[in-house]
Amino acid sequence: MTVVASYVYRNGKRAEAVPVDGPAPRLSGQDFVWIGLHEPSPDELHALAETYELHPLAVEDAINAHQVPKVEAYGEQLFVVAKTAHLEGEKFKYGETAIFVGRRHIITVRHGSARNHAAIRAQLEASPQLLSKGPDYVLHGIIDFIADGYLPLVQTIEDKVLEMEQKMLANFLEREQIRRLFRLRRQLILFGRILGPMSEVAGKLVNLDLPCLDRDAKPFFRDVLDHIRRVEGMVGGLREVITSVFEASNLLEQQRQGVITRQLAAWAAILAVPTAIAGIYGMNFENMPELKTEYGYPAVLIAIVLLCSILFYRFRKSGWL
């Protein structure tokens, strides 16, 4: 079993280490146990479940690690599943954290998460007054830590999209850039499917009467809910930006093609004048105007140049050239 940490906390301070393969420690007052595990085996987690009387259905969910974010109450214990996320290149990778909360214990089981809980543990240990209030405040710290990790991911994708938007305004998007836009949009859609259930989890922790949660802890979870909703709003707005970038690029491409079409049509009309005149005078007829006069040939060339110049000026003035 990969035990990240296992300690008894007394009066908000770390007291002593707790062996996870032994009996539960004797606790008094506001003491509680905080155990952090990383991808334990089923046998190891079942053994820990016997020690702390964890519900078997919750244990199975923690082992499978393919759950949507949720909150469930089992008697006097609470079971929470939260989804973690991190970026690998421009692709979202997801992990899962299962949290067992009792009156005297909190047990976290991480799967596939790139961020461990060492930072949040150190942060809470630096605030003994808050940590002394019990496992529900530790639960808030963990959920808040996970939710805070969402914002930098969205901001990174946002920076990439805005960079592509600037390139689109300067130059037309290439095929690979368009494919990249659609990949980013797909990643955001999938991420939105995580944010929705996470928002529901935070909402339940705020609004429902659940075991092991004091009323004084509700405002803390409301703050987490606000953070998740903010990220949801950013993701929705970013998806609209990606759509608008693609649409604007498409409109600019259509405009460019329209300009080229008009230019080709204008030049075709201009070149049609000398082509038509040369074609007529290339015919074998005797009675052609100016055919046998001394200045007939220069007169025809002057007429061609004059007509082409008039057409060029009119097309240029109308914006076709």
# chains A, B, ... in the order shown; residues from 1 in each chain; ligands from 1
$ residues_around --residues "A:Ala5" --least-positions-apart "4" --cutoff "8 Å" --atoms "only C-alpha atoms" --output "VMD selection string"
chain A and resid 34 to 37
$ closest_atom_pairs --of "stretch 81-140 of chain A" --to "stretch 207-219 of chain A" --cutoff "12 Å" --atoms "only C-alpha atoms" --output "tab-separated table"
residue	atom	partner	partner_atom	distance
A:Phe100	CA	A:Cys212	CA	10.5
A:Val101	CA	A:Cys212	CA	6.9
A:Gly102	CA	A:Cys212	CA	6.0
A:Arg103	CA	A:Cys212	CA	5.6
A:Arg104	CA	A:Cys212	CA	9.1
A:His105	CA	A:Cys212	CA	9.9
A:Ile106	CA	A:Cys212	CA	10.2
A:Leu130	CA	A:Ala217	CA	10.4
A:Leu131	CA	A:Ala217	CA	11.8
A:Lys133	CA	A:Asp214	CA	9.3
A:Gly134	CA	A:Cys212	CA	8.9
A:Pro135	CA	A:Cys212	CA	7.7
A:Asp136	CA	A:Leu213	CA	5.5
A:Tyr137	CA	A:Ala217	CA	6.7
A:Val138	CA	A:Ala217	CA	10.3
A:Leu139	CA	A:Leu213	CA	9.3
A:His140	CA	A:Ala217	CA	8.0
$ write_last_selection --atoms "N, CA and C atoms" --output "compact mmCIF listing (two decimals), in the first residue's frame"
# COMPACT_ATOMS: atom_id res chain seq x y z
N PHE A 100 -13.32 9.20 2.40
CA PHE A 100 -14.18 8.64 3.45
C PHE A 100 -14.10 9.58 4.66
N VAL A 101 -15.25 10.05 5.11
CA VAL A 101 -15.28 11.00 6.22
C VAL A 101 -16.12 10.41 7.35
N GLY A 102 -15.52 10.29 8.52
CA GLY A 102 -16.24 9.89 9.72
C GLY A 102 -16.05 10.94 10.80
N ARG A 103 -16.64 10.73 11.94
CA ARG A 103 -16.50 11.69 13.03
C ARG A 103 -15.05 11.76 13.53
N ARG A 104 -14.33 10.63 13.43
CA ARG A 104 -12.98 10.59 13.98
C ARG A 104 -11.93 10.22 12.94
N HIS A 105 -12.30 10.22 11.68
CA HIS A 105 -11.31 9.87 10.66
C HIS A 105 -11.67 10.50 9.32
N ILE A 106 -10.66 10.69 8.50
CA ILE A 106 -10.83 11.04 7.09
C ILE A 106 -9.75 10.29 6.32
N LEU A 130 -8.05 25.95 12.71
CA LEU A 130 -8.99 25.42 11.72
C LEU A 130 -8.97 23.90 11.71
N LEU A 131 -7.79 23.33 11.78
CA LEU A 131 -7.66 21.87 11.72
C LEU A 131 -8.27 21.20 12.94
N LYS A 133 -11.00 21.73 14.21
CA LYS A 133 -12.46 21.63 14.12
C LYS A 133 -12.93 20.29 13.58
N GLY A 134 -12.01 19.51 13.01
CA GLY A 134 -12.40 18.15 12.65
C GLY A 134 -12.25 17.81 11.19
N PRO A 135 -12.62 16.56 10.84
CA PRO A 135 -12.44 16.05 9.48
C PRO A 135 -13.22 16.81 8.41
N ASP A 136 -14.36 17.43 8.77
CA ASP A 136 -15.13 18.13 7.74
C ASP A 136 -14.36 19.32 7.18
N TYR A 137 -13.52 19.95 7.99
CA TYR A 137 -12.72 21.07 7.49
C TYR A 137 -11.55 20.56 6.64
N VAL A 138 -11.09 19.37 6.96
CA VAL A 138 -10.08 18.74 6.09
C VAL A 138 -10.72 18.40 4.75
N LEU A 139 -11.94 17.90 4.78
CA LEU A 139 -12.67 17.62 3.53
C LEU A 139 -12.77 18.87 2.67
N HIS A 140 -13.13 19.98 3.31
CA HIS A 140 -13.20 21.24 2.56
C HIS A 140 -11.85 21.59 1.95
$ residues_around --residues "A:Arg239" --least-positions-apart "4" --cutoff "8 Å" --atoms "only C-alpha atoms" --output "list in words"
Arg185, Leu188, Ile189, Val235 and Thr243 of chain A
$ write_last_selection --atoms "N, CA and C atoms" --output "PDB file, in the first residue's frame"
ATOM      1  N   ARG A 185     -11.579  22.433 -28.442  1.00  0.00           N
ATOM      2  CA  ARG A 185     -13.021  22.526 -28.142  1.00  0.00           C
ATOM      3  C   ARG A 185     -13.534  21.195 -27.586  1.00  0.00           C
ATOM      4  N   LEU A 188     -12.477  20.829 -23.980  1.00  0.00           N
ATOM      5  CA  LEU A 188     -13.281  21.668 -23.090  1.00  0.00           C
ATOM      6  C   LEU A 188     -14.670  21.076 -22.867  1.00  0.00           C
ATOM      7  N   ILE A 189     -15.229  20.463 -23.913  1.00  0.00           N
ATOM      8  CA  ILE A 189     -16.537  19.821 -23.748  1.00  0.00           C
ATOM      9  C   ILE A 189     -16.442  18.684 -22.738  1.00  0.00           C
ATOM     10  N   VAL A 235     -15.113  28.120 -19.007  1.00  0.00           N
ATOM     11  CA  VAL A 235     -15.087  27.062 -20.021  1.00  0.00           C
ATOM     12  C   VAL A 235     -16.155  27.327 -21.082  1.00  0.00           C
ATOM     13  N   THR A 243     -15.382  28.846 -31.139  1.00  0.00           N
ATOM     14  CA  THR A 243     -16.344  28.831 -32.243  1.00  0.00           C
ATOM     15  C   THR A 243     -16.272  30.122 -33.044  1.00  0.00           C
TER      16      THR A 243
END
$ residues_around --residues "stretch 38-40 of chain A" --least-positions-apart "4" --cutoff "8 Å" --atoms "only C-alpha atoms" --output "list in words"
Met1, Thr2, Val3, Val4, Glu44, Leu45, Ile63, Val109, Arg110, His111 and Gly112 of chain A
$ closest_residue --among "A:Gly75, A:Lys70, A:Gln166, A:Gln187" --to "A:Glu200" --atoms "only C-alpha atoms"
A:Lys70
$ closest_residue --among "A:Val68, A:Leu205, A:Ile142, A:Val300" --to "A:Ala276" --atoms "only C-alpha atoms"
A:Val300
$ atom_distance --atom1 "atom CA of A:Ala98" --atom2 "atom CA of A:Gly29"
26.4 Å
